[in-house]
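Enquirer: Below: one structure in structure tokens.
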Amino acid sequence: MRTGTTARSIAVTGAALLAVTACGGGDSGGSGDTKADSGPKEIKVYGTDGNVGDPLGEQFQEKGALAGMKGTTPLTDLSKEFKDRLLKVNPKLGNTFNYAGESYDAVVITTLASAMAQSNDAKVFAPYVNGITFGGDKCTDFAACLAIIKGGGNPDYDGVTGPLAFADPGEPAVASFGTLQFGPDNKIDNSLTEFLVVGDEENAAKDEGPAAAAFGSGDGKGALKIGTLLPLTGSLAFLGPPEVAGVQLAVNDINAAGGVLGGQVEIVPGDSGDTSTNIATQTVASEQQAGVNAIIGAASSDVTKTVIDTVTQAGILMFSPANTSNDFTTYKDNGLYFRTAPPDLMQGQVLADLITKEGNQSVGILAQNGEYGTGLAQVIADNLDNAGLGKDVVDQEYYDPNASDFSDVVQKMKDLNPDAIVVVGFDESGRIIQAMNEQGIGPAR
């Protein structure tokens with residue numbers, strides 16, 4: 001099901017930009033438009049999905065510390081109605097909805113696959129997952145899709161995050177990305193957010209899976225139990241609240257529609273922490289003991305790597321709303337790992353396109369030394385190379401995300417003196433950018 005050659009060709013082909021829509025105003029010139037004869041060169045600063053959001057700005061007291069900094073993240077132009085519903089689940093979300101839609105869709109797809117199989121055994125319902133997202137009859141919510149299944153049909157779920165259209169590796173062939181920009185208040189300026197749709201539904205898998213089981217023929221093992229493995233603590237904790245809210249909202253909607261397999265879907269909540277702790281392993285063990293059929297998470301690709309074998313070898317489905325590492329496209333997962341987040345091959349092109357579009361001729365990539373940082377940094381560099389910026393003008397520097405001081409790697413970026421710097425990191429990005437500001441190469445002016 002997950003062959004390396006096929007998966008990679010799908011991802012590369014699917015990276016073509018199909019559409020661009022803007023919400024509000026146009027380009028404000030980025031974080032560092034060079035002003036002729038006005039002093040040192042102003043370097044443009046970019047971020048990625050691990051750090052671009054209002055929580056990064058909360059680390060700064062000085063007004064304008066992040067002003068003009070841009071970044072990309074898998075992000076859908078979520079409707080006001082959906083955001084309002086998320087805020088009812090968690091009023092403290094503010095303006096941070098990263099991966100909330102992906103989390104919602106992961107739960108809905110999992111539950112619909114269970115309904116198609118009439119089983120809560122992941123080994124039985126996993127083969128239906130891809131087919132839920134393409135072919136068949138269009139539907140946009142759980143209730144409508146369930147009605148199709150009850151009628152003996154095959155649903156094509158176009159979810160909160162779009163058409164999805166999973167490719168053979170169990171990941172989107174189509175995805176939406178947001179280009180975000182910080183304002184002078186160190187918060188994302190929503191009026192400048194742009195959304196780009198990447199990929200092509202033609203790259204979806206061709207096999208829709210087994211024929212549906214007769215509705216109501218359930219295997220007698222009870223309703224569906226879903227565990228969560230999401231960052232309530234650690235370096236990605238800012239992503240936890242919107243992801244948890246997305247899961248809870250999906251379960252609320254599913255249970256309001258009658259649940260699945262004759263019962264209500266149950267959530268077994270759990271923290272993933274980060275790779276500096278053993279929290280994820282403990283959570284998985286606890287949820288396995290609780291008898292979960294599926295786990296939503298983890299958010300961090302590095303964390304997923306620490307538990308994916310344990311989860312899938314136990315016959316539990318693992319469905320991440322935020323993993324972007326390209327490694328999972330070909331990972332040997334017993335057919336039990338899926339994700340609603342697109343692989344880095346897509347984000348790397350989106351960010352490289354933004355960097356080159358804004359006229360940068362030299363780029364420094366400052367990335368955390370881990371699955372997320374090294375993988376995404378290389379994809380960005382490869383796409384910059386394809387765009388004509390060779391290895392002589394694109395430099396990659398890696399750092400320990402648990403370091404107490406980042407002045408050495410920041411000094412390397414200063415010595416490099418590029419037109420643009422990309423910071424690929426998590427919570428520690430705030431301290432890196434603070435050091436960049438102190439050395440005069442950050443977004444603060």
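Note on naming: chains are A, B, ... as they come in the structure tokens, residues start from 1 per chain, ligands start from 1 in the order shown.
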Run DSSP on the backbone and tell me which residues of region 220-417 of chain A come out as strand (DSSP E or B); list them as a count of residues only.
Expert: 35
Enquirer: Residues of region 83-114 of chain A within 12 Å of region 124-137 of chain A: nearest atom pair and distance (Å, one decimal) for each, counting only C-alpha atoms, sorted by chain and number, as CSV?
Expert:
```
residue,atom,partner,partner_atom,distance
A:Asp105,CA,A:Thr133,CA,10.2
A:Ala106,CA,A:Val129,CA,9.8
A:Val107,CA,A:Val129,CA,11.0
A:Val108,CA,A:Ile132,CA,9.7
A:Ile109,CA,A:Val129,CA,6.5
A:Thr110,CA,A:Val129,CA,6.6
A:Thr111,CA,A:Phe125,CA,9.1
A:Leu112,CA,A:Ile132,CA,7.2
A:Ala113,CA,A:Tyr128,CA,5.2
A:Ser114,CA,A:Phe125,CA,5.1
```
Enquirer: In Å, how far is it from CA of Thr329 (chain A) to CA of Ala352 (chain A)?
Expert: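 Spanning CA of Thr329 (chain A) to CA of Ala352 (chain A) is a straight-line distance of 21.2 Å.
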Enquirer: If you measure from CA of Gly234 (chain A) to CA of Asp49 (chain A), what distance in Å do you get, rounded to one decimal?
Expert: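 Going from CA of Gly234 (chain A) over to CA of Asp49 (chain A) covers 15.8 Å.
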Enquirer: Considering only C-alpha atoms, return as a PyMOL selection string whatever protein or nucleic-acid residues lie within 10 Å of region 298-303 of chain A, sequence-local ones (same chain, fewer than 4 positions apart) excluded.
Expert: chain A and resi 50+99+103+228-231+235-237+239-240+243+271-281+307-308+318-328+339+341+370-373+426
Enquirer: Which residues are near Thr73 (chain A)? Cut-off 6 Å, only C-alpha atoms, ignore same chain within fewer than 2 positions. Put them as a ChimeraX atom specification.
Expert: /A:48-49,75,177-178
Enquirer: Keeping C-alpha atoms for every residue in the selection just given, could you write it to a file as a PDB file, in the first residue's frame?
Expert:
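Below is the file that was written, result-v8.pdb:
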```pdb
ATOM      1  CA  THR A  48       6.938  27.608   9.400  1.00  0.00           C
ATOM      2  CA  ASP A  49       4.001  25.737  10.901  1.00  0.00           C
ATOM      3  CA  LEU A  75      -4.200  25.976   7.066  1.00  0.00           C
ATOM      4  CA  PHE A 177      -1.786  26.296   3.096  1.00  0.00           C
ATOM      5  CA  GLY A 178      -1.875  29.705   4.701  1.00  0.00           C
TER       6      GLY A 178
END
```
Enquirer: Between CA of Gly348 (chain A) and CA of Val379 (chain A), what is the distance, to one decimal in Å?
Expert: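 Atom-to-atom, CA of Gly348 (chain A) to CA of Val379 (chain A), that is 5.2 Å.
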Enquirer: Using only C-alpha atoms, which of the listed residues (A:Met436, A:Ala314, A:Val268, A:Ala223) sits closest to Asp415 (chain A)?
Expert: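 Counting only C-alpha atoms, the residue closest to Asp415 (chain A) is A:Met436.
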Enquirer: Just the residues within 10 Å of Ile355 (chain A), please, counting only C-alpha atoms, with nothing from its chain fewer than 3 positions along; format it as a CSV table (one decimal) with N, CA and C atoms, in the first residue's frame.
Expert:
```
chain,number,residue,atom,x,y,z
A,30,GLY,N,6.8,42.5,3.3
A,30,GLY,CA,7.5,41.6,4.1
A,30,GLY,C,8.2,42.2,5.3
A,44,LYS,N,14.8,39.7,5.7
A,44,LYS,CA,13.5,39.2,5.8
A,44,LYS,C,13.5,37.9,6.6
A,45,VAL,N,12.5,37.8,7.5
A,45,VAL,CA,12.5,36.6,8.4
A,45,VAL,C,11.2,35.8,8.1
A,46,TYR,N,11.3,34.5,8.0
A,46,TYR,CA,10.2,33.6,7.7
A,46,TYR,C,10.2,32.5,8.7
A,70,LYS,N,6.9,36.7,8.2
A,70,LYS,CA,5.9,35.8,7.5
A,70,LYS,C,6.2,34.3,7.7
A,71,GLY,N,5.2,33.5,7.4
A,71,GLY,CA,5.5,32.1,7.5
A,71,GLY,C,4.3,31.3,6.8
A,349,GLN,N,7.6,23.6,-1.0
A,349,GLN,CA,7.5,24.4,-2.2
A,349,GLN,C,6.7,25.7,-2.0
A,350,VAL,N,5.7,25.6,-1.1
A,350,VAL,CA,4.9,26.9,-0.8
A,350,VAL,C,5.9,27.9,-0.2
A,351,LEU,N,6.7,27.5,0.7
A,351,LEU,CA,7.6,28.5,1.4
A,351,LEU,C,8.7,29.0,0.4
A,352,ALA,N,9.2,28.1,-0.3
A,352,ALA,CA,10.3,28.4,-1.3
A,352,ALA,C,9.7,29.4,-2.4
A,358,GLU,N,9.5,37.1,-3.4
A,358,GLU,CA,9.8,38.3,-2.7
A,358,GLU,C,11.2,38.8,-3.0
A,359,GLY,N,11.8,38.2,-4.0
A,359,GLY,CA,13.1,38.7,-4.5
A,359,GLY,C,14.4,38.3,-3.8
A,360,ASN,N,14.3,37.4,-2.8
A,360,ASN,CA,15.5,37.1,-2.1
A,360,ASN,C,16.5,36.3,-2.9
A,361,GLN,N,17.7,36.6,-2.9
A,361,GLN,CA,18.7,36.0,-3.7
A,361,GLN,C,19.7,35.1,-2.9
A,362,SER,N,19.6,35.2,-1.5
A,362,SER,CA,20.4,34.3,-0.7
A,362,SER,C,19.6,34.1,0.6
A,363,VAL,N,19.7,32.8,1.1
A,363,VAL,CA,18.8,32.4,2.2
A,363,VAL,C,19.6,31.6,3.2
A,380,ILE,N,12.9,22.7,1.8
A,380,ILE,CA,12.9,24.1,1.4
A,380,ILE,C,14.2,24.4,0.5
A,384,LEU,N,14.3,25.7,-3.3
A,384,LEU,CA,15.0,26.9,-3.6
A,384,LEU,C,16.0,26.6,-4.7
A,419,ASP,N,19.8,37.5,2.4
A,419,ASP,CA,18.6,38.3,2.2
A,419,ASP,C,17.5,37.9,3.1
A,420,ALA,N,17.4,36.6,3.4
A,420,ALA,CA,16.3,36.1,4.2
A,420,ALA,C,16.8,35.0,5.1
A,421,ILE,N,16.1,34.8,6.2
A,421,ILE,CA,16.4,33.8,7.2
A,421,ILE,C,15.1,33.0,7.5
A,422,VAL,N,15.1,31.7,7.4
A,422,VAL,CA,14.0,30.9,7.7
A,422,VAL,C,14.2,30.2,9.0
```
